[in-house]
Amino acid sequence: MGEVASSRAGLTRRSFLKTAGAAGALGLAGAAGMTSSSNWLAPVEANADEGAGERVAYTTHQSHCSGHCSLQCTVRDGRLAMIQPNQAWADKRFATCCLKGISEVQHIYSCERIQTPLKRVGERGTGEFVQITWDEAFDEIADKLTNIKEQFGGQSIFVKRAKEANYSFLMNILGALTDKNTGIDTGIGNGLDPATGLGGGFASGTNEDLDWVNSKTIIHMGNNLLESKLVTTRAFFEAKEAGAHIVTIDPNFSTTASKSSEWIPIVPGTDAALLLGMISDVIKNGWYDEDFMRSYTSFPYLVDVESGKLLKTGDDADAQYLVWNVESGAPEAFTPGNEKAALEGEFLVDGMTVKPVFEMLKEQQAEYTLEWAQGVTDISADKIHYLAQLYATGGPASLSLGYGGGDKYENADVVGHAAIVLASITGQIGKPGASIGVFGGGTGAPSAPLASWPLPKEFSVSKQKKAVFEQRATEEIKALFAPCDLLIQSFANMNETEKWLKGLELVVVAEIYHTSIVDWADYVLPVCSRFECEDEVGGVSVAQSHVRLQSKVIDPLFESKSDFYIERELVSRLGYGDLLPKTREENVRYQLKNSKDKRLSSLTVEQLQEFKGLYPLPDVSRPACLNLDKGLKTATKRLEVYYEKMVKWNQALPTYEKPNEVYSDNPLREKYPLVFLQTRTRFHIHNHFCDAEWIRQFVDPFVELNPIDMESRGLKTGDMVQIANDRGTASCRVQGNNAVRPGTVRSYEGFWSKYMQEGNLQNLTNDAVLDRGRDLLKGPVIPFNDTLVEVKKA
């Protein structure tokens, strides 16, 4: 930013920082008048008479929502003045951004910005700090980390992973522990991804969302993408206009449900029962695709009934799985599409009773009748039959799952496993219009791997034995480095998390805003936003078949520094600075030049800048579709629907389990009768944007109840209520809403504690750990929505 003053703002950058810093005595932005939209932000029109400078820069925005927006930013008088979609996309349908992106014009100047490095002087949790210099902060933190590592080992230091800021160099140099298994957004992927080898535990869609125009049926389960993934709405409505029949299955009448062809309400936490009922109906009516199963799945593989083990020729990597040849009456190595491979029956092999996986499925599904599914889900048997027939026989179908619903229960992996079994027996995967998974902007699109800056082999993170949220009850972790508000975003049962934080030897928080975890820090490091950067080049990524460049829009505000700068300085003080790139631009050039993909290795930063930060990958067909003929990243390169690893848990094939807490006959319901649901919203990305003034004028902390539940509790809209269970309490406003299912209480995810009347909604949420969770792909899920509460007038 320059030193040119604007008469409308009345401040230079230097005077703004000086004034704001003085007003915020402890480096927490307290000069609301300076940073509010009414005083600090001048009208966006440039004043030519004053010689005000104007330039345009291009950058990428948040990645949490999977929108992958690229933004054109107008800077006037050194201030971010206007945000528009970058029009450089090869496909103009991606040239969009939502209200959150636009609100950054105000949000980056928020009165909640952390302005200077801070050091705790009071007790943890009180938020009492003094300002210190960056050198003091870096030296003291590095000394403490070194001492803790020498005394307890690198595994005693937990460096939090974050979508927007990944301190991978620091965690590797320290040999630290990190949350490889987060428990967040992995519930469904735990059950789905072992079959496909895709998604890495996050159940990424097998086709691009733009492929929905080729679907005849689209079933949305556990997501509300018209709220949570606004840039995906185009794909939704294009599919609807093309004639797709869109069904939304949700306990509540969501925004997505309101725009769908039909809405099917379901009992919370019973998604798996619906899918299992559909599978049974498909099998009963012969709507399964035998050719597909023989060609692309493990359904013909033989299983030893007694042990549950799959039969194969050996244990080495070249082992072949065995099937039963109905013509020869003997087992043989599997070959795709072998019409003689039995899908049903019982056979003897070397004294063992064996059956094909599909036969095992048929027998297991016998108990999951339509009537059983109706009793669990509260969806009529006729409706489940209709849904199964529509999905299996109505042409190409997409099963669209979500992170904001069914994945937040203890039984979420069964949902993912049942979903991929349903898609695999019907052949509704791997062709235009037939897909499964969590869909978002760019999900499923062709990508290209960026290279990672190398470190010597001796530097690597510690092996994770347990999910970090499990280790709160242990004394293994001594220090925490958190580049985000993990209190709200990454842990349930906040009261237990706060007890854990009190017992740590060191807590360092690198944050942009004064989020809930800041008050628990020993040191607070002010981070700049994606629009601010010390270098002209900030970062590079690949999404929606484009290489995207993050560029500098304005200089870092206040005394904030980029995550890269902070990480490099800390690593340097640990004695390993020479191992890291000196600048972000050097790192970006390395990532491109050393990519294994020639489309990237021949690309330069200058070309990206010439293309306004968006370079389309050549030879890309749209929309993207999974090609099963090329093989999957599984051991057999096929859909492996039978999970041998889970035999000991009776989950080799999806077996229904009740939710942990919200099941209908739980005696706890007598005390806490309401299911507490936190849903995604267009106003937040997890806990991001909770402080944005332009958004807060539309939404502040609240909970919603059905008018039936309001009346029985003597409540009216606007009352202050207390939400409570045995874990804790929280207080905020209540409002009645007919869209909310009776027996549930709904709120938006991510509200900050400081905006609540009392407590935080995460004081209530369930942090139970599933015993078999450690054998799942990404470890135990945090069952946020598997929570019972009661609501009363405060």
# chains A, B, ... in the order shown; residues from 1 in each chain; ligands from 1
>>> residues_around(residues="Ser490 (chain A)", least_positions_apart="2", cutoff="10 Å", atoms="only C-alpha atoms", output="ChimeraX atom specification")
/A:160,162,179,182-184,468-469,484-488,492,494,686,762,782
>>> closest_residue(among="A:Thr270, A:Gln678, A:Thr206, A:Gln106", to="Ala423 (chain A)", atoms="only C-alpha atoms")
A:Thr206
>>> residues_around(residues="region 189-201 of chain A", least_positions_apart="6", cutoff="9 Å", atoms="only C-alpha atoms", output="JSON list (two decimals) with N, CA, C and O atoms, in the first residue's frame")
[["chain", "number", "residue", "atom", "x", "y", "z"],
["A", 297, "THR", "N", -16.25, -54.66, -10.09],
["A", 297, "THR", "CA", -16.36, -54.72, -8.65],
["A", 297, "THR", "C", -15.77, -56.02, -8.09],
["A", 297, "THR", "O", -15.41, -56.94, -8.83],
["A", 407, "ASP", "N", -22.74, -37.28, 7.93],
["A", 407, "ASP", "CA", -21.37, -37.61, 8.27],
["A", 407, "ASP", "C", -21.02, -37.24, 9.70],
["A", 407, "ASP", "O", -19.94, -37.56, 10.19],
["A", 412, "ALA", "N", -21.57, -42.93, 10.72],
["A", 412, "ALA", "CA", -21.45, -42.31, 9.40],
["A", 412, "ALA", "C", -20.73, -43.19, 8.39],
["A", 412, "ALA", "O", -21.03, -43.15, 7.19],
["A", 413, "ASP", "N", -19.75, -43.99, 8.83],
["A", 413, "ASP", "CA", -19.03, -44.83, 7.87],
["A", 413, "ASP", "C", -19.95, -45.87, 7.25],
["A", 413, "ASP", "O", -19.75, -46.27, 6.10],
["A", 414, "VAL", "N", -20.96, -46.31, 7.99],
["A", 414, "VAL", "CA", -21.92, -47.26, 7.44],
["A", 414, "VAL", "C", -22.72, -46.60, 6.31],
["A", 414, "VAL", "O", -23.07, -47.25, 5.32],
["A", 415, "VAL", "N", -22.99, -45.31, 6.45],
["A", 415, "VAL", "CA", -23.67, -44.55, 5.39],
["A", 415, "VAL", "C", -22.83, -44.59, 4.12],
["A", 415, "VAL", "O", -23.33, -44.92, 3.03],
["A", 416, "GLY", "N", -21.54, -44.27, 4.24],
["A", 416, "GLY", "CA", -20.67, -44.26, 3.06],
["A", 416, "GLY", "C", -20.52, -45.63, 2.44],
["A", 416, "GLY", "O", -20.54, -45.77, 1.21],
["A", 417, "HIS", "N", -20.40, -46.66, 3.27],
["A", 417, "HIS", "CA", -20.24, -48.02, 2.76],
["A", 417, "HIS", "C", -21.51, -48.47, 2.06],
["A", 417, "HIS", "O", -21.46, -49.05, 0.96],
["A", 418, "ALA", "N", -22.67, -48.22, 2.67],
["A", 418, "ALA", "CA", -23.94, -48.62, 2.05],
["A", 418, "ALA", "C", -24.15, -47.87, 0.74],
["A", 418, "ALA", "O", -24.66, -48.42, -0.24],
["A", 419, "ALA", "N", -23.73, -46.61, 0.70],
["A", 419, "ALA", "CA", -23.91, -45.81, -0.52],
["A", 419, "ALA", "C", -23.11, -46.37, -1.68],
["A", 419, "ALA", "O", -23.62, -46.49, -2.81],
["A", 420, "ILE", "N", -21.84, -46.75, -1.44],
["A", 420, "ILE", "CA", -21.03, -47.27, -2.54],
["A", 420, "ILE", "C", -21.49, -48.67, -2.93],
["A", 420, "ILE", "O", -21.40, -49.04, -4.12],
["A", 421, "VAL", "N", -22.02, -49.45, -2.01],
["A", 421, "VAL", "CA", -22.59, -50.74, -2.36],
["A", 421, "VAL", "C", -23.81, -50.56, -3.26],
["A", 421, "VAL", "O", -23.97, -51.25, -4.28],
["A", 437, "GLY", "N", -20.70, -39.38, -4.28],
["A", 437, "GLY", "CA", -19.72, -38.69, -3.44],
["A", 437, "GLY", "C", -20.18, -37.32, -3.02],
["A", 437, "GLY", "O", -21.35, -36.95, -3.19],
["A", 438, "VAL", "N", -19.24, -36.57, -2.48],
["A", 438, "VAL", "CA", -19.49, -35.19, -2.06],
["A", 438, "VAL", "C", -19.05, -34.28, -3.21],
["A", 438, "VAL", "O", -17.90, -34.31, -3.64],
["A", 632, "LEU", "N", -8.89, -48.20, -10.85],
["A", 632, "LEU", "CA", -8.91, -47.35, -9.67],
["A", 632, "LEU", "C", -7.64, -47.54, -8.85],
["A", 632, "LEU", "O", -6.85, -48.44, -9.11],
["A", 633, "LYS", "N", -7.48, -46.70, -7.84],
["A", 633, "LYS", "CA", -6.29, -46.79, -6.99],
["A", 633, "LYS", "C", -6.54, -47.73, -5.81],
["A", 633, "LYS", "O", -6.19, -47.44, -4.66],
["A", 634, "THR", "N", -7.17, -48.85, -6.10],
["A", 634, "THR", "CA", -7.34, -49.90, -5.11],
["A", 634, "THR", "C", -6.39, -51.04, -5.44],
["A", 634, "THR", "O", -5.79, -51.06, -6.52],
["A", 635, "ALA", "N", -6.29, -52.02, -4.54],
["A", 635, "ALA", "CA", -5.35, -53.12, -4.75],
["A", 635, "ALA", "C", -5.63, -53.87, -6.04],
["A", 635, "ALA", "O", -4.71, -54.31, -6.74],
["A", 637, "LYS", "N", -7.62, -52.54, -8.50],
["A", 637, "LYS", "CA", -8.00, -51.52, -9.49],
["A", 637, "LYS", "C", -9.50, -51.52, -9.79],
["A", 637, "LYS", "O", -9.95, -50.96, -10.77],
["A", 638, "ARG", "N", -10.27, -52.20, -8.94],
["A", 638, "ARG", "CA", -11.73, -52.24, -9.10],
["A", 638, "ARG", "C", -12.41, -51.74, -7.83],
["A", 638, "ARG", "O", -11.75, -51.49, -6.82],
["A", 639, "LEU", "N", -13.70, -51.60, -7.87],
["A", 639, "LEU", "CA", -14.49, -51.19, -6.71],
["A", 639, "LEU", "C", -14.48, -52.33, -5.70],
["A", 639, "LEU", "O", -15.13, -53.35, -5.90],
["A", 640, "GLU", "N", -13.76, -52.14, -4.62],
["A", 640, "GLU", "CA", -13.61, -53.19, -3.62],
["A", 640, "GLU", "C", -14.61, -52.95, -2.48],
["A", 640, "GLU", "O", -14.30, -52.31, -1.48],
["A", 641, "VAL", "N", -15.80, -53.50, -2.65],
["A", 641, "VAL", "CA", -16.90, -53.20, -1.73],
["A", 641, "VAL", "C", -16.87, -54.04, -0.47],
["A", 641, "VAL", "O", -17.59, -53.76, 0.49],
["A", 642, "TYR", "N", -16.05, -55.09, -0.45],
["A", 642, "TYR", "CA", -15.94, -55.96, 0.72],
["A", 642, "TYR", "C", -14.70, -55.57, 1.51],
["A", 642, "TYR", "O", -13.58, -55.62, 0.99],
["A", 643, "TYR", "N", -14.88, -55.16, 2.80],
["A", 643, "TYR", "CA", -13.78, -54.63, 3.59],
["A", 643, "TYR", "C", -13.27, -55.71, 4.55],
["A", 643, "TYR", "O", -13.75, -55.86, 5.68],
["A", 654, "PRO", "N", -21.75, -53.46, 4.77],
["A", 654, "PRO", "CA", -22.38, -52.49, 5.66],
["A", 654, "PRO", "C", -23.45, -53.12, 6.55],
["A", 654, "PRO", "O", -24.42, -53.69, 6.07],
["A", 776, "LEU", "N", -10.76, -47.39, 10.87],
["A", 776, "LEU", "CA", -11.32, -46.75, 9.69],
["A", 776, "LEU", "C", -10.24, -45.96, 8.95],
["A", 776, "LEU", "O", -9.20, -45.63, 9.51],
["A", 777, "LEU", "N", -10.52, -45.65, 7.72],
["A", 777, "LEU", "CA", -9.54, -45.00, 6.85],
["A", 777, "LEU", "C", -8.95, -43.74, 7.47],
["A", 777, "LEU", "O", -7.74, -43.54, 7.48],
["A", 778, "LYS", "N", -9.80, -42.86, 8.01],
["A", 778, "LYS", "CA", -9.34, -41.60, 8.59],
["A", 778, "LYS", "C", -9.57, -41.53, 10.09],
["A", 778, "LYS", "O", -9.59, -40.45, 10.68],
["A", 779, "GLY", "N", -9.73, -42.68, 10.71],
["A", 779, "GLY", "CA", -9.90, -42.69, 12.16],
["A", 779, "GLY", "C", -11.31, -42.34, 12.59],
["A", 779, "GLY", "O", -12.21, -42.15, 11.77],
["A", 780, "PRO", "N", -11.53, -42.23, 13.90],
["A", 780, "PRO", "CA", -12.88, -41.99, 14.42],
["A", 780, "PRO", "C", -13.44, -40.65, 13.94],
["A", 780, "PRO", "O", -12.72, -39.67, 13.78],
["A", 781, "VAL", "N", -14.73, -40.62, 13.72],
["A", 781, "VAL", "CA", -15.42, -39.38, 13.37],
["A", 781, "VAL", "C", -15.85, -38.68, 14.65],
["A", 781, "VAL", "O", -16.12, -39.34, 15.67]]
>>> closest_residue(among="A:Ala543, A:Val56, A:Val745, A:Ile132", to="Cys73 (chain A)", atoms="only C-alpha atoms")
A:Val56
>>> atom_distance(atom1="CA of Phe236 (chain A)", atom2="CA of Ile218 (chain A)")
9.4 Å
>>> residues_around(residues="Pro265 (chain A)", least_positions_apart="2", cutoff="10 Å", atoms="only C-alpha atoms", output="VMD selection string")
chain A and resid 248 to 253 257 262 to 263 267 to 268 377 to 379 741
>>> residues_around(residues="Ser435 (chain A)", least_positions_apart="4", cutoff="12 Å", atoms="only C-alpha atoms", output="PyMOL selection string")
chain A and resi 196+203-220+391+395-401+419-420+422-424+426-431+439+443-444+624-628
>>> atom_distance(atom1="CA of Thr353 (chain A)", atom2="CA of Ile283 (chain A)")
23.0 Å
>>> select_by_dssp(residues="region 254-394 of chain A", states="strand (DSSP E or B)", output="VMD selection string")
chain A and resid 262 to 264 297 302 to 304 310 312 321 to 325 330 to 333 341 347 to 349 352 to 356
>>> write_last_selection(atoms="N, CA, C and O atoms", output="mmCIF file, in the first residue's frame")
data_model
loop_
_atom_site.group_PDB
_atom_site.id
_atom_site.type_symbol
_atom_site.label_atom_id
_atom_site.label_comp_id
_atom_site.auth_asym_id
_atom_site.auth_seq_id
_atom_site.Cartn_x
_atom_site.Cartn_y
_atom_site.Cartn_z
ATOM 1 N N GLU A 262 -38.527 -33.061 -5.127
ATOM 2 C CA GLU A 262 -39.256 -33.512 -3.946
ATOM 3 C C GLU A 262 -38.317 -33.590 -2.755
ATOM 4 O O GLU A 262 -37.098 -33.707 -2.898
ATOM 5 N N TRP A 263 -38.940 -33.513 -1.578
ATOM 6 C CA TRP A 263 -38.215 -33.588 -0.313
ATOM 7 C C TRP A 263 -38.739 -34.777 0.470
ATOM 8 O O TRP A 263 -39.956 -34.968 0.594
ATOM 9 N N ILE A 264 -37.803 -35.587 0.984
ATOM 10 C CA ILE A 264 -38.177 -36.732 1.806
ATOM 11 C C ILE A 264 -37.558 -36.532 3.184
ATOM 12 O O ILE A 264 -36.337 -36.626 3.347
ATOM 13 N N THR A 297 -16.248 -54.657 -10.093
ATOM 14 C CA THR A 297 -16.357 -54.720 -8.646
ATOM 15 C C THR A 297 -15.774 -56.019 -8.090
ATOM 16 O O THR A 297 -15.414 -56.938 -8.834
ATOM 17 N N LEU A 302 -14.479 -64.653 -3.951
ATOM 18 C CA LEU A 302 -14.901 -65.674 -3.005
ATOM 19 C C LEU A 302 -14.431 -65.335 -1.593
ATOM 20 O O LEU A 302 -13.308 -64.851 -1.385
ATOM 21 N N VAL A 303 -15.325 -65.614 -0.619
ATOM 22 C CA VAL A 303 -15.050 -65.343 0.789
ATOM 23 C C VAL A 303 -15.130 -66.650 1.576
ATOM 24 O O VAL A 303 -16.089 -67.423 1.415
ATOM 25 N N ASP A 304 -14.143 -66.903 2.415
ATOM 26 C CA ASP A 304 -14.208 -68.022 3.350
ATOM 27 C C ASP A 304 -15.233 -67.659 4.424
ATOM 28 O O ASP A 304 -15.018 -66.714 5.191
ATOM 29 N N LEU A 310 -10.982 -63.080 2.149
ATOM 30 C CA LEU A 310 -11.100 -63.278 0.711
ATOM 31 C C LEU A 310 -10.092 -64.321 0.246
ATOM 32 O O LEU A 310 -8.964 -64.379 0.759
ATOM 33 N N LYS A 312 -7.414 -65.793 -2.271
ATOM 34 C CA LYS A 312 -6.511 -65.299 -3.290
ATOM 35 C C LYS A 312 -5.339 -66.256 -3.425
ATOM 36 O O LYS A 312 -5.121 -67.140 -2.589
ATOM 37 N N TYR A 321 -7.196 -62.538 -6.833
ATOM 38 C CA TYR A 321 -8.376 -62.963 -6.096
ATOM 39 C C TYR A 321 -9.115 -64.036 -6.896
ATOM 40 O O TYR A 321 -9.115 -64.027 -8.131
ATOM 41 N N LEU A 322 -9.745 -64.945 -6.173
ATOM 42 C CA LEU A 322 -10.386 -66.095 -6.798
ATOM 43 C C LEU A 322 -11.891 -65.914 -6.908
ATOM 44 O O LEU A 322 -12.530 -65.317 -6.023
ATOM 45 N N VAL A 323 -12.441 -66.437 -8.011
ATOM 46 C CA VAL A 323 -13.882 -66.478 -8.225
ATOM 47 C C VAL A 323 -14.256 -67.927 -8.557
ATOM 48 O O VAL A 323 -13.392 -68.776 -8.808
ATOM 49 N N TRP A 324 -15.543 -68.219 -8.561
ATOM 50 C CA TRP A 324 -16.006 -69.565 -8.885
ATOM 51 C C TRP A 324 -16.475 -69.616 -10.329
ATOM 52 O O TRP A 324 -17.365 -68.856 -10.731
ATOM 53 N N ASN A 325 -15.855 -70.476 -11.128
ATOM 54 C CA ASN A 325 -16.238 -70.661 -12.524
ATOM 55 C C ASN A 325 -17.396 -71.661 -12.570
ATOM 56 O O ASN A 325 -17.224 -72.839 -12.258
ATOM 57 N N ALA A 330 -15.031 -74.935 -10.520
ATOM 58 C CA ALA A 330 -13.793 -74.806 -9.758
ATOM 59 C C ALA A 330 -13.420 -73.335 -9.622
ATOM 60 O O ALA A 330 -13.844 -72.485 -10.421
ATOM 61 N N PRO A 331 -12.602 -73.022 -8.600
ATOM 62 C CA PRO A 331 -12.158 -71.633 -8.451
ATOM 63 C C PRO A 331 -11.096 -71.293 -9.482
ATOM 64 O O PRO A 331 -10.357 -72.171 -9.951
ATOM 65 N N GLU A 332 -11.030 -70.029 -9.850
ATOM 66 C CA GLU A 332 -10.003 -69.557 -10.768
ATOM 67 C C GLU A 332 -9.728 -68.094 -10.497
ATOM 68 O O GLU A 332 -10.498 -67.416 -9.809
ATOM 69 N N ALA A 333 -8.609 -67.591 -11.010
ATOM 70 C CA ALA A 333 -8.262 -66.182 -10.829
ATOM 71 C C ALA A 333 -9.283 -65.295 -11.527
ATOM 72 O O ALA A 333 -9.754 -65.605 -12.623
ATOM 73 N N ALA A 341 -18.050 -66.228 -14.008
ATOM 74 C CA ALA A 341 -17.798 -66.001 -12.585
ATOM 75 C C ALA A 341 -19.121 -65.923 -11.841
ATOM 76 O O ALA A 341 -19.975 -65.095 -12.146
ATOM 77 N N PHE A 347 -19.988 -72.867 -2.178
ATOM 78 C CA PHE A 347 -19.087 -73.850 -2.772
ATOM 79 C C PHE A 347 -18.067 -74.322 -1.735
ATOM 80 O O PHE A 347 -17.879 -73.694 -0.677
ATOM 81 N N LEU A 348 -17.418 -75.432 -2.039
ATOM 82 C CA LEU A 348 -16.346 -75.959 -1.209
ATOM 83 C C LEU A 348 -15.017 -75.809 -1.934
ATOM 84 O O LEU A 348 -14.883 -76.202 -3.095
ATOM 85 N N VAL A 349 -14.036 -75.235 -1.240
ATOM 86 C CA VAL A 349 -12.685 -75.091 -1.778
ATOM 87 C C VAL A 349 -11.708 -75.518 -0.692
ATOM 88 O O VAL A 349 -11.626 -74.870 0.372
ATOM 89 N N MET A 352 -13.046 -75.634 2.700
ATOM 90 C CA MET A 352 -13.654 -74.397 3.195
ATOM 91 C C MET A 352 -14.979 -74.150 2.481
ATOM 92 O O MET A 352 -15.088 -74.357 1.268
ATOM 93 N N THR A 353 -15.968 -73.680 3.227
ATOM 94 C CA THR A 353 -17.210 -73.215 2.623
ATOM 95 C C THR A 353 -17.002 -71.781 2.176
ATOM 96 O O THR A 353 -16.645 -70.909 2.979
ATOM 97 N N VAL A 354 -17.203 -71.527 0.899
ATOM 98 C CA VAL A 354 -16.943 -70.189 0.355
ATOM 99 C C VAL A 354 -18.175 -69.702 -0.391
ATOM 100 O O VAL A 354 -18.974 -70.496 -0.906
ATOM 101 N N LYS A 355 -18.296 -68.389 -0.439
ATOM 102 C CA LYS A 355 -19.397 -67.757 -1.155
ATOM 103 C C LYS A 355 -18.874 -66.495 -1.840
ATOM 104 O O LYS A 355 -17.968 -65.825 -1.312
ATOM 105 N N PRO A 356 -19.466 -66.116 -2.996
ATOM 106 C CA PRO A 356 -19.119 -64.826 -3.595
ATOM 107 C C PRO A 356 -19.579 -63.679 -2.685
ATOM 108 O O PRO A 356 -20.537 -63.824 -1.912
#
>>> closest_residue(among="A:Gln550, A:Thr186, A:Gln722, A:Ser462", to="Glu758 (chain A)", atoms="only C-alpha atoms")
A:Gln722
>>> closest_residue(among="A:Glu567, A:Asp135, A:Glu606, A:Glu505", to="Val537 (chain A)", atoms="only C-alpha atoms")
A:Glu606
>>> residues_around(residues="Gln757 (chain A)", least_positions_apart="4", cutoff="10 Å", atoms="only C-alpha atoms", output="list in words")
Pro701, Phe702, Met720, Val721, Gln722, Ala730, Ser731, Cys732, Arg733, Ser753 and Ala794 of chain A
>>> write_last_selection(atoms="all heavy atoms", output="CSV table (one decimal), in the first residue's frame")
chain,number,residue,atom,x,y,z
A,701,PRO,N,-26.1,-15.3,16.4
A,701,PRO,CA,-26.3,-16.7,17.0
A,701,PRO,C,-27.8,-16.9,17.4
A,701,PRO,O,-28.4,-16.0,17.9
A,701,PRO,CB,-25.5,-16.7,18.3
A,701,PRO,CG,-24.3,-15.8,17.9
A,701,PRO,CD,-24.9,-14.7,17.1
A,702,PHE,N,-28.3,-18.0,17.0
A,702,PHE,CA,-29.7,-18.4,17.2
A,702,PHE,C,-29.9,-19.9,17.2
A,702,PHE,O,-29.0,-20.6,16.6
A,702,PHE,CB,-30.7,-17.7,16.2
A,702,PHE,CG,-30.5,-18.3,14.9
A,702,PHE,CD1,-31.4,-19.3,14.4
A,702,PHE,CD2,-29.5,-17.9,14.0
A,702,PHE,CE1,-31.3,-19.8,13.2
A,702,PHE,CE2,-29.4,-18.4,12.7
A,702,PHE,CZ,-30.3,-19.4,12.3
A,720,MET,N,-34.8,-15.3,24.8
A,720,MET,CA,-33.5,-15.9,25.1
A,720,MET,C,-33.6,-17.2,25.7
A,720,MET,O,-34.4,-17.4,26.7
A,720,MET,CB,-32.7,-14.9,26.1
A,720,MET,CG,-31.2,-15.3,26.2
A,720,MET,SD,-30.3,-15.0,24.7
A,720,MET,CE,-30.4,-13.2,24.6
A,721,VAL,N,-33.0,-18.2,25.2
A,721,VAL,CA,-33.1,-19.6,25.7
A,721,VAL,C,-31.8,-20.2,26.1
A,721,VAL,O,-30.7,-19.7,25.7
A,721,VAL,CB,-33.8,-20.5,24.7
A,721,VAL,CG1,-35.2,-20.1,24.4
A,721,VAL,CG2,-32.9,-20.6,23.4
A,722,GLN,N,-31.8,-21.2,27.0
A,722,GLN,CA,-30.6,-22.0,27.3
A,722,GLN,C,-30.8,-23.3,26.7
A,722,GLN,O,-31.8,-24.0,26.9
A,722,GLN,CB,-30.5,-22.1,28.9
A,722,GLN,CG,-29.2,-22.8,29.3
A,722,GLN,CD,-29.2,-23.1,30.8
A,722,GLN,OE1,-29.9,-23.9,31.3
A,722,GLN,NE2,-28.3,-22.3,31.4
A,730,ALA,N,-25.4,-23.4,26.7
A,730,ALA,CA,-25.2,-22.2,25.9
A,730,ALA,C,-26.5,-21.5,25.8
A,730,ALA,O,-27.6,-22.0,25.9
A,730,ALA,CB,-24.7,-22.6,24.5
A,731,SER,N,-26.4,-20.1,25.6
A,731,SER,CA,-27.6,-19.3,25.6
A,731,SER,C,-27.6,-18.4,24.4
A,731,SER,O,-26.5,-17.8,24.1
A,731,SER,CB,-27.8,-18.5,26.9
A,731,SER,OG,-28.0,-19.3,28.0
A,732,CYS,N,-28.7,-18.3,23.7
A,732,CYS,CA,-28.8,-17.4,22.6
A,732,CYS,C,-30.3,-17.2,22.3
A,732,CYS,O,-31.2,-17.7,23.0
A,732,CYS,CB,-28.1,-17.9,21.3
A,732,CYS,SG,-28.7,-19.5,20.8
A,733,ARG,N,-30.7,-16.5,21.2
A,733,ARG,CA,-32.1,-16.3,20.9
A,733,ARG,C,-32.6,-17.5,20.2
A,733,ARG,O,-31.9,-18.3,19.6
A,733,ARG,CB,-32.2,-15.1,19.9
A,733,ARG,CG,-31.7,-13.8,20.5
A,733,ARG,CD,-32.7,-13.2,21.5
A,733,ARG,NE,-32.2,-11.9,22.1
A,733,ARG,CZ,-32.8,-11.3,23.1
A,733,ARG,NH1,-33.9,-11.9,23.6
A,733,ARG,NH2,-32.3,-10.2,23.5
A,753,SER,N,-18.0,-17.6,20.4
A,753,SER,CA,-18.5,-17.5,21.8
A,753,SER,C,-18.8,-16.1,22.1
A,753,SER,O,-19.8,-15.8,22.9
A,753,SER,CB,-17.4,-18.0,22.8
A,753,SER,OG,-17.1,-19.4,22.5
A,794,ALA,N,-34.3,-18.8,29.1
A,794,ALA,CA,-33.2,-18.4,30.0
A,794,ALA,C,-33.7,-17.5,31.0
A,794,ALA,O,-34.6,-16.7,30.8
A,794,ALA,CB,-32.1,-17.8,29.1
>>> closest_atom_pairs(of="region 58-121 of chain A", to="region 529-532 of chain A", cutoff="9 Å", atoms="only C-alpha atoms", output="JSON lines")
{"residue": "A:Thr59", "atom": "CA", "partner": "A:Phe531", "partner_atom": "CA", "distance": 7.1}
{"residue": "A:Thr60", "atom": "CA", "partner": "A:Arg530", "partner_atom": "CA", "distance": 7.5}
{"residue": "A:His61", "atom": "CA", "partner": "A:Arg530", "partner_atom": "CA", "distance": 6.7}
{"residue": "A:Gln62", "atom": "CA", "partner": "A:Arg530", "partner_atom": "CA", "distance": 8.0}
{"residue": "A:Cys73", "atom": "CA", "partner": "A:Phe531", "partner_atom": "CA", "distance": 8.7}
{"residue": "A:Leu80", "atom": "CA", "partner": "A:Phe531", "partner_atom": "CA", "distance": 8.5}
{"residue": "A:Glu104", "atom": "CA", "partner": "A:Phe531", "partner_atom": "CA", "distance": 9.0}
{"residue": "A:Ile108", "atom": "CA", "partner": "A:Ser529", "partner_atom": "CA", "distance": 6.8}
>>> select_by_dssp(residues="region 104-136 of chain A", states="alpha helix (DSSP H)", output="list in words")
Glu104, Val105, Gln106, His107, Trp134, Asp135 and Glu136 of chain A
>>> atom_distance(atom1="CA of Gly750 (chain A)", atom2="CA of Arg682 (chain A)")
12.0 Å
>>> closest_residue(among="A:Leu653, A:Pro432, A:Ala57, A:Gly127", to="Pro623 (chain A)", atoms="only C-alpha atoms")
A:Pro432
>>> residues_around(residues="Asp709 (chain A)", least_positions_apart="5", cutoff="12 Å", atoms="only C-alpha atoms", output="PyMOL selection string")
chain A and resi 673-675+704+714-717+734-738+740-745+790-792
